[in-house]
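Note: the block below is start-v4.cif and it holds mmCIF, C-alpha atoms.
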data_my_file
loop_
_atom_site.label_atom_id
_atom_site.label_comp_id
_atom_site.auth_asym_id
_atom_site.auth_seq_id
_atom_site.Cartn_x
_atom_site.Cartn_y
_atom_site.Cartn_z
CA MET A 207 0.00 0.00 0.00
CA TRP A 208 2.85 2.42 0.72
CA PHE A 209 3.74 2.58 -2.98
CA LYS A 210 0.22 3.63 -3.96
CA ILE A 211 0.29 6.86 -1.96
CA PRO A 212 2.95 8.62 -4.07
CA ILE A 213 1.18 7.55 -7.28
CA PHE A 214 -1.79 9.79 -6.47
CA PHE A 215 0.59 12.74 -6.30
CA ILE A 216 2.58 11.77 -9.40
CA ILE A 217 -0.49 11.47 -11.63
CA PRO A 218 -1.71 15.09 -11.32
CA LYS A 219 1.84 16.44 -11.56
CA PHE A 220 2.37 14.42 -14.74
CA ILE A 221 -0.93 15.72 -16.11
CA ALA A 222 0.15 19.27 -15.30
CA ILE A 223 3.49 19.04 -17.11
CA TRP A 224 2.47 16.75 -19.98
CA THR A 225 -1.22 17.01 -20.85
CA ILE A 226 -2.16 20.60 -20.00
CA PRO A 227 0.55 22.25 -22.15
CA GLN A 228 -0.42 20.05 -25.09
CA LEU A 229 -4.10 20.89 -24.65
CA VAL A 230 -3.31 24.62 -24.55
CA GLN A 231 -1.18 24.33 -27.67
CA ALA A 232 -3.91 22.42 -29.52
CA ILE A 233 -6.52 25.01 -28.57
CA SER A 234 -4.35 28.03 -29.40
CA THR A 235 -3.19 26.71 -32.78
CA GLY A 236 -6.48 25.12 -33.77
CA ALA A 237 -4.70 21.81 -34.32
CA THR A 238 -6.39 18.45 -34.72
CA GLY A 239 -8.36 17.65 -31.59
CA ALA A 240 -8.82 21.29 -30.51
CA GLU A 241 -12.57 20.76 -30.08
CA LEU A 242 -11.83 17.90 -27.68
CA ALA A 243 -9.01 19.78 -25.92
CA ASP A 244 -11.25 22.59 -24.67
CA PRO A 245 -13.56 20.48 -22.45
CA LEU A 246 -10.58 18.41 -21.27
CA LEU A 247 -8.75 21.56 -20.21
CA ARG A 248 -11.82 22.66 -18.25
CA ILE A 249 -11.95 19.29 -16.47
CA LEU A 250 -8.26 19.54 -15.54
CA ASN A 251 -8.47 23.11 -14.21
CA VAL A 252 -6.40 23.11 -11.00
CA SER A 253 -7.88 26.36 -9.68
CA ILE A 254 -11.21 24.76 -8.71
CA PRO A 255 -11.51 22.23 -5.88
CA PHE A 256 -13.53 19.66 -7.82
CA SER A 257 -11.34 19.37 -10.92
CA LEU A 258 -9.75 16.08 -11.86
CA CYS A 259 -6.18 17.13 -10.96
CA THR A 260 -7.24 18.56 -7.61
CA SER A 261 -9.31 15.47 -6.88
CA PHE A 262 -6.26 13.27 -7.37
CA ASP A 263 -4.29 15.50 -5.01
CA TYR A 264 -6.97 15.23 -2.33
CA LEU A 265 -7.20 11.48 -2.90
CA GLY A 266 -3.50 11.25 -2.08
CA PHE A 267 -3.99 13.32 1.06
CA TRP A 268 -6.93 11.11 2.03
CA LEU A 269 -4.62 8.10 1.81
CA TYR A 270 -2.18 9.98 4.05
CA GLY A 271 -5.05 10.52 6.49
CA VAL A 272 -5.91 6.82 6.50
CA PHE A 273 -2.23 5.96 6.88
CA GLY A 274 -1.96 8.47 9.75
CA LEU A 275 -4.83 6.83 11.61
CA LEU A 276 -3.37 3.37 11.05
CA VAL A 277 0.19 4.10 12.19
CA ALA A 278 -0.41 6.62 14.98
CA GLY A 279 -0.47 3.91 17.62
CA LEU A 280 2.52 2.12 16.15
CA LEU A 281 4.62 5.30 16.15
CA PHE A 282 3.99 5.97 19.82
CA GLY A 283 7.33 5.07 21.35
CA GLU A 284 9.60 5.81 24.27
CA SER A 285 11.09 9.08 23.05
CA LEU A 286 9.37 12.45 23.08
CA SER A 287 9.87 12.87 19.34
CA SER A 288 8.12 9.54 18.65
CA LYS A 289 5.19 10.56 20.84
CA VAL A 290 4.91 13.96 19.14
CA ALA A 291 5.06 12.31 15.70
CA ALA A 292 2.44 9.73 16.66
CA ILE A 293 0.03 12.26 18.14
CA SER A 294 0.38 14.75 15.27
CA THR A 295 -0.01 12.00 12.66
CA GLY A 296 -3.17 10.78 14.38
CA VAL A 297 -4.46 14.35 14.69
CA PHE A 298 -3.91 14.88 10.96
CA GLY A 299 -5.82 11.70 10.13
CA ALA A 300 -8.69 12.61 12.43
CA VAL A 301 -8.92 16.26 11.32
CA PHE A 302 -8.75 15.36 7.65
CA HIS A 303 -11.55 12.82 8.00
CA CYS A 304 -13.68 15.26 10.05
CA LEU A 305 -13.26 17.85 7.29
CA LEU A 306 -14.11 15.23 4.68
CA VAL A 307 -17.30 14.31 6.53
CA ALA A 308 -18.19 18.01 6.83
CA LEU A 309 -17.64 18.41 3.08
CA LEU A 310 -19.76 15.36 2.25
CA MET A 311 -22.56 16.54 4.55
CA GLY A 312 -22.61 19.96 2.87
CA GLU A 313 -21.28 21.87 5.87
CA LEU A 314 -18.23 23.05 3.91
CA ALA A 315 -18.66 25.20 0.80
CA SER A 316 -16.60 24.52 -2.31
CA ALA A 317 -14.93 27.91 -1.95
CA ASP A 318 -13.69 26.98 1.55
CA VAL A 319 -12.29 23.54 0.69
CA GLU A 320 -8.73 24.63 -0.04
CA THR A 321 -8.52 26.97 2.94
CA MET A 322 -9.84 24.44 5.43
CA PHE A 323 -7.89 21.45 4.18
CA LEU A 324 -4.66 23.44 3.84
CA GLY A 325 -4.62 23.94 7.60
CA SER A 326 -4.79 20.20 8.16
CA PHE A 327 -1.91 19.67 5.72
CA ALA A 328 0.29 21.96 7.83
CA VAL A 329 0.01 19.45 10.68
CA LEU A 330 2.00 17.02 8.52
CA LEU A 331 5.13 19.12 9.08
CA VAL A 332 5.12 18.30 12.80
CA PRO A 333 5.80 14.54 12.49
CA VAL A 334 8.44 15.17 9.83
CA ILE A 335 10.33 17.57 12.10
CA ALA A 336 9.81 15.37 15.16
CA MET A 337 11.11 12.29 13.39
CA MET A 338 14.20 14.17 12.23
CA PHE A 339 15.21 14.36 15.90
CA ARG A 340 14.45 10.67 16.31
CA PHE A 341 16.53 9.72 13.28
CA LYS A 342 19.38 11.90 14.48
CA GLN A 343 19.34 10.07 17.83
CA GLU A 344 19.59 6.74 16.04
CA MET A 345 22.64 7.76 13.98
#
Representation of the structure as structure tokens:
Amino acid sequence: MWFKIPIFFIIPKFIAIWTIPQLVQAISTGATGAELADPLLRILNVSIPFSLCTSFDYLGFWLYGVFGLLVAGLLFGESLSSKVAAISTGVFGAVFHCLLVALLMGELASADVETMFLGSFAVLLVPVIAMMFRFKQEM
């Protein structure tokens, strides 16, 4: 399962550097397939929270949230840095899923999705920094 998580981040990045420039070029030059390129470009618009690229990004973060809930207990160790990493990873998983439930229940407007979820992503920096201290101790 660990190898699937990065794939959901690679796919939209690949689309952004491969497909979108080709679609723009086809539309601007009127090349073959320009009539198909316009609706595809609208679907891939990264500035709206429900586009295909953005959906893949959030799918990857959802997998991080699931992973965070699954490993939070396993990370909880003897050292302070392990405890901080475990708690913050679990908090990220819980907060992300609470926001997802709020979104699915209609409590969160589409305009607020990026703002609300971005705050939960910031929590992911805490376990990374905490584990740097743990890894340094092990060296």
Given the PyMOL selection byres ((chain A and resi 280) around 12), the residues it picks as a tab-separated table (two decimals) with C-alpha atoms, in the coordinates of the input:
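Output file selection_37.tsv is given in full below:
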chain	number	residue	atom	x	y	z
A	273	PHE	CA	-2.23	5.96	6.88
A	274	GLY	CA	-1.96	8.47	9.75
A	275	LEU	CA	-4.83	6.83	11.61
A	276	LEU	CA	-3.37	3.37	11.05
A	277	VAL	CA	0.19	4.10	12.19
A	278	ALA	CA	-0.41	6.62	14.98
A	279	GLY	CA	-0.47	3.91	17.62
A	281	LEU	CA	4.62	5.30	16.15
A	282	PHE	CA	3.99	5.97	19.82
A	283	GLY	CA	7.33	5.07	21.35
A	284	GLU	CA	9.60	5.81	24.27
A	288	SER	CA	8.12	9.54	18.65
A	289	LYS	CA	5.19	10.56	20.84
A	291	ALA	CA	5.06	12.31	15.70
A	292	ALA	CA	2.44	9.73	16.66
A	293	ILE	CA	0.03	12.26	18.14
A	295	THR	CA	-0.01	12.00	12.66
A	296	GLY	CA	-3.17	10.78	14.38
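Of the listed residues A:Phe341, A:Gly325, A:Phe256, A:Gly239, the one whose atoms come nearest to Leu309 of chain A is A:Phe256, with distances taken using all atoms listed in the file.
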Next item on the list: Identify, on the basis of only C-alpha atoms, every residue whose closest approach to Thr260 of chain A does not exceed 12 Å; exclude the query and any residue fewer than 4 positions from it along the same chain; express the result as an NGL selection string.
Entry: :A and (214-215 or 217-219 or 221-222 or 249-256 or 264-267 or 319-320)
Next item on the list: Considering only C-alpha atoms, state which residue in the set A:Gly236, A:Met337, A:Gly271, A:Ser316 is at the smallest distance from Ser257 of chain A.
Entry: A:Ser316
Checklist line | Length of the atom CA of Lys342 of chain A to atom CA of Val329 of chain A vector [Å] | finding: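 Distance reported for this atom pair: 21.1 Å.
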Check: Which is closer to Ser285 of chain A than all the others in A:Ala336, A:Leu310, A:Leu305, A:Ile233, using all atoms listed in the file?
Finding: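 Once distances to Ser285 of chain A are computed over all atoms listed in the file, the minimum belongs to A:Ala336.
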Item checked: Selected residue, from A:Cys304, A:Ala315, A:Leu324, A:Ile226, that lies nearest to Asp263 of chain A when counting only C-alpha atoms ->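 Under the stated criterion, the closest residue is A:Leu324.
Straight-line separation from atom CA of Leu229 of chain A to atom CA of Ala317 of chain A: 26.1 Å.
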Item checked: Separation of atom CA of Ser287 of chain A from atom CA of Phe339 of chain A, in Å and rounded to one decimal ->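 Computing it gives 6.5 Å between the two atoms.
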Next item on the list: Give the answer as one residue: which of A:Val297, A:Leu314, A:Met345, A:Ala308 has the shortest atom-to-atom distance to Ala328 of chain A, using all atoms listed in the file?
Entry: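 Of A:Val297, A:Leu314, A:Met345, A:Ala308, the one nearest Ala328 of chain A is A:Val297, counting all atoms listed in the file.
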How would segment 280-318 of chain A of the given structure read as a file with N, CA and C atoms, as a PDB file, in the first residue's frame?
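Wrote it out as selection_17.pdb, contents follow:
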ATOM      1  N   LEU A 280       1.242   2.816  16.328  1.00  0.00           N
ATOM      2  CA  LEU A 280       2.520   2.121  16.150  1.00  0.00           C
ATOM      3  C   LEU A 280       3.712   3.059  16.323  1.00  0.00           C
ATOM      4  N   LEU A 281       3.529   4.328  16.010  1.00  0.00           N
ATOM      5  CA  LEU A 281       4.615   5.297  16.145  1.00  0.00           C
ATOM      6  C   LEU A 281       4.883   5.677  17.596  1.00  0.00           C
ATOM      7  N   PHE A 282       3.870   5.527  18.433  1.00  0.00           N
ATOM      8  CA  PHE A 282       3.988   5.970  19.821  1.00  0.00           C
ATOM      9  C   PHE A 282       5.068   5.141  20.517  1.00  0.00           C
ATOM     10  N   GLY A 283       6.193   5.778  20.767  1.00  0.00           N
ATOM     11  CA  GLY A 283       7.326   5.068  21.355  1.00  0.00           C
ATOM     12  C   GLY A 283       7.798   5.697  22.646  1.00  0.00           C
ATOM     13  N   GLU A 284       9.012   5.352  23.005  1.00  0.00           N
ATOM     14  CA  GLU A 284       9.603   5.807  24.267  1.00  0.00           C
ATOM     15  C   GLU A 284      10.003   7.277  24.223  1.00  0.00           C
ATOM     16  N   SER A 285      10.541   7.715  23.102  1.00  0.00           N
ATOM     17  CA  SER A 285      11.088   9.076  23.051  1.00  0.00           C
ATOM     18  C   SER A 285       9.988  10.114  22.847  1.00  0.00           C
ATOM     19  N   LEU A 286      10.304  11.335  23.232  1.00  0.00           N
ATOM     20  CA  LEU A 286       9.366  12.448  23.083  1.00  0.00           C
ATOM     21  C   LEU A 286       9.068  12.699  21.605  1.00  0.00           C
ATOM     22  N   SER A 287      10.091  12.613  20.768  1.00  0.00           N
ATOM     23  CA  SER A 287       9.869  12.867  19.337  1.00  0.00           C
ATOM     24  C   SER A 287       8.936  11.820  18.723  1.00  0.00           C
ATOM     25  N   SER A 288       9.028  10.576  19.150  1.00  0.00           N
ATOM     26  CA  SER A 288       8.120   9.540  18.647  1.00  0.00           C
ATOM     27  C   SER A 288       6.693   9.799  19.100  1.00  0.00           C
ATOM     28  N   LYS A 289       6.536  10.251  20.337  1.00  0.00           N
ATOM     29  CA  LYS A 289       5.193  10.556  20.842  1.00  0.00           C
ATOM     30  C   LYS A 289       4.581  11.734  20.100  1.00  0.00           C
ATOM     31  N   VAL A 290       5.396  12.778  19.864  1.00  0.00           N
ATOM     32  CA  VAL A 290       4.908  13.958  19.138  1.00  0.00           C
ATOM     33  C   VAL A 290       4.521  13.570  17.716  1.00  0.00           C
ATOM     34  N   ALA A 291       5.355  12.746  17.065  1.00  0.00           N
ATOM     35  CA  ALA A 291       5.058  12.305  15.702  1.00  0.00           C
ATOM     36  C   ALA A 291       3.782  11.469  15.664  1.00  0.00           C
ATOM     37  N   ALA A 292       3.622  10.586  16.629  1.00  0.00           N
ATOM     38  CA  ALA A 292       2.435   9.732  16.663  1.00  0.00           C
ATOM     39  C   ALA A 292       1.166  10.556  16.883  1.00  0.00           C
ATOM     40  N   ILE A 293       1.212  11.447  17.837  1.00  0.00           N
ATOM     41  CA  ILE A 293       0.026  12.257  18.144  1.00  0.00           C
ATOM     42  C   ILE A 293      -0.327  13.164  16.972  1.00  0.00           C
ATOM     43  N   SER A 294       0.672  13.826  16.378  1.00  0.00           N
ATOM     44  CA  SER A 294       0.381  14.745  15.272  1.00  0.00           C
ATOM     45  C   SER A 294      -0.081  13.996  14.018  1.00  0.00           C
ATOM     46  N   THR A 295       0.445  12.795  13.799  1.00  0.00           N
ATOM     47  CA  THR A 295      -0.011  11.997  12.662  1.00  0.00           C
ATOM     48  C   THR A 295      -1.459  11.565  12.862  1.00  0.00           C
ATOM     49  N   GLY A 296      -1.787  11.143  14.065  1.00  0.00           N
ATOM     50  CA  GLY A 296      -3.168  10.779  14.376  1.00  0.00           C
ATOM     51  C   GLY A 296      -4.110  11.966  14.299  1.00  0.00           C
ATOM     52  N   VAL A 297      -3.646  13.129  14.774  1.00  0.00           N
ATOM     53  CA  VAL A 297      -4.465  14.345  14.690  1.00  0.00           C
ATOM     54  C   VAL A 297      -4.730  14.696  13.231  1.00  0.00           C
ATOM     55  N   PHE A 298      -3.697  14.601  12.386  1.00  0.00           N
ATOM     56  CA  PHE A 298      -3.914  14.879  10.964  1.00  0.00           C
ATOM     57  C   PHE A 298      -4.975  13.949  10.378  1.00  0.00           C
ATOM     58  N   GLY A 299      -4.848  12.652  10.658  1.00  0.00           N
ATOM     59  CA  GLY A 299      -5.819  11.695  10.134  1.00  0.00           C
ATOM     60  C   GLY A 299      -7.231  11.997  10.609  1.00  0.00           C
ATOM     61  N   ALA A 300      -7.365  12.325  11.885  1.00  0.00           N
ATOM     62  CA  ALA A 300      -8.694  12.613  12.434  1.00  0.00           C
ATOM     63  C   ALA A 300      -9.262  13.920  11.874  1.00  0.00           C
ATOM     64  N   VAL A 301      -8.448  14.966  11.828  1.00  0.00           N
ATOM     65  CA  VAL A 301      -8.917  16.263  11.324  1.00  0.00           C
ATOM     66  C   VAL A 301      -9.288  16.166   9.849  1.00  0.00           C
ATOM     67  N   PHE A 302      -8.455  15.490   9.075  1.00  0.00           N
ATOM     68  CA  PHE A 302      -8.748  15.359   7.647  1.00  0.00           C
ATOM     69  C   PHE A 302     -10.068  14.637   7.438  1.00  0.00           C
ATOM     70  N   HIS A 303     -10.296  13.561   8.171  1.00  0.00           N
ATOM     71  CA  HIS A 303     -11.547  12.824   8.004  1.00  0.00           C
ATOM     72  C   HIS A 303     -12.753  13.606   8.519  1.00  0.00           C
ATOM     73  N   CYS A 304     -12.579  14.391   9.579  1.00  0.00           N
ATOM     74  CA  CYS A 304     -13.677  15.259  10.048  1.00  0.00           C
ATOM     75  C   CYS A 304     -14.026  16.297   8.987  1.00  0.00           C
ATOM     76  N   LEU A 305     -13.005  16.887   8.359  1.00  0.00           N
ATOM     77  CA  LEU A 305     -13.259  17.848   7.288  1.00  0.00           C
ATOM     78  C   LEU A 305     -13.917  17.177   6.091  1.00  0.00           C
ATOM     79  N   LEU A 306     -13.501  15.967   5.791  1.00  0.00           N
ATOM     80  CA  LEU A 306     -14.105  15.230   4.678  1.00  0.00           C
ATOM     81  C   LEU A 306     -15.578  14.942   4.952  1.00  0.00           C
ATOM     82  N   VAL A 307     -15.897  14.541   6.167  1.00  0.00           N
ATOM     83  CA  VAL A 307     -17.297  14.307   6.535  1.00  0.00           C
ATOM     84  C   VAL A 307     -18.091  15.604   6.444  1.00  0.00           C
ATOM     85  N   ALA A 308     -17.507  16.712   6.915  1.00  0.00           N
ATOM     86  CA  ALA A 308     -18.189  18.009   6.825  1.00  0.00           C
ATOM     87  C   ALA A 308     -18.436  18.388   5.366  1.00  0.00           C
ATOM     88  N   LEU A 309     -17.476  18.122   4.508  1.00  0.00           N
ATOM     89  CA  LEU A 309     -17.643  18.408   3.084  1.00  0.00           C
ATOM     90  C   LEU A 309     -18.743  17.553   2.477  1.00  0.00           C
ATOM     91  N   LEU A 310     -18.753  16.264   2.805  1.00  0.00           N
ATOM     92  CA  LEU A 310     -19.762  15.360   2.247  1.00  0.00           C
ATOM     93  C   LEU A 310     -21.163  15.650   2.772  1.00  0.00           C
ATOM     94  N   MET A 311     -21.247  16.204   3.979  1.00  0.00           N
ATOM     95  CA  MET A 311     -22.561  16.541   4.548  1.00  0.00           C
ATOM     96  C   MET A 311     -23.037  17.928   4.128  1.00  0.00           C
ATOM     97  N   GLY A 312     -22.214  18.642   3.355  1.00  0.00           N
ATOM     98  CA  GLY A 312     -22.613  19.958   2.871  1.00  0.00           C
ATOM     99  C   GLY A 312     -22.335  21.089   3.836  1.00  0.00           C
ATOM    100  N   GLU A 313     -21.599  20.836   4.881  1.00  0.00           N
ATOM    101  CA  GLU A 313     -21.281  21.872   5.873  1.00  0.00           C
ATOM    102  C   GLU A 313     -20.122  22.759   5.422  1.00  0.00           C
ATOM    103  N   LEU A 314     -19.406  22.338   4.404  1.00  0.00           N
ATOM    104  CA  LEU A 314     -18.232  23.049   3.912  1.00  0.00           C
ATOM    105  C   LEU A 314     -18.486  23.437   2.458  1.00  0.00           C
ATOM    106  N   ALA A 315     -18.421  24.733   2.167  1.00  0.00           N
ATOM    107  CA  ALA A 315     -18.663  25.204   0.803  1.00  0.00           C
ATOM    108  C   ALA A 315     -17.453  24.914  -0.081  1.00  0.00           C
ATOM    109  N   SER A 316     -17.684  24.803  -1.371  1.00  0.00           N
ATOM    110  CA  SER A 316     -16.598  24.524  -2.310  1.00  0.00           C
ATOM    111  C   SER A 316     -15.516  25.594  -2.253  1.00  0.00           C
ATOM    112  N   ALA A 317     -15.910  26.826  -2.003  1.00  0.00           N
ATOM    113  CA  ALA A 317     -14.931  27.913  -1.945  1.00  0.00           C
ATOM    114  C   ALA A 317     -14.015  27.787  -0.731  1.00  0.00           C
ATOM    115  N   ASP A 318     -14.469  27.102   0.319  1.00  0.00           N
ATOM    116  CA  ASP A 318     -13.688  26.978   1.553  1.00  0.00           C
ATOM    117  C   ASP A 318     -12.855  25.708   1.616  1.00  0.00           C
TER     118      ASP A 318
END
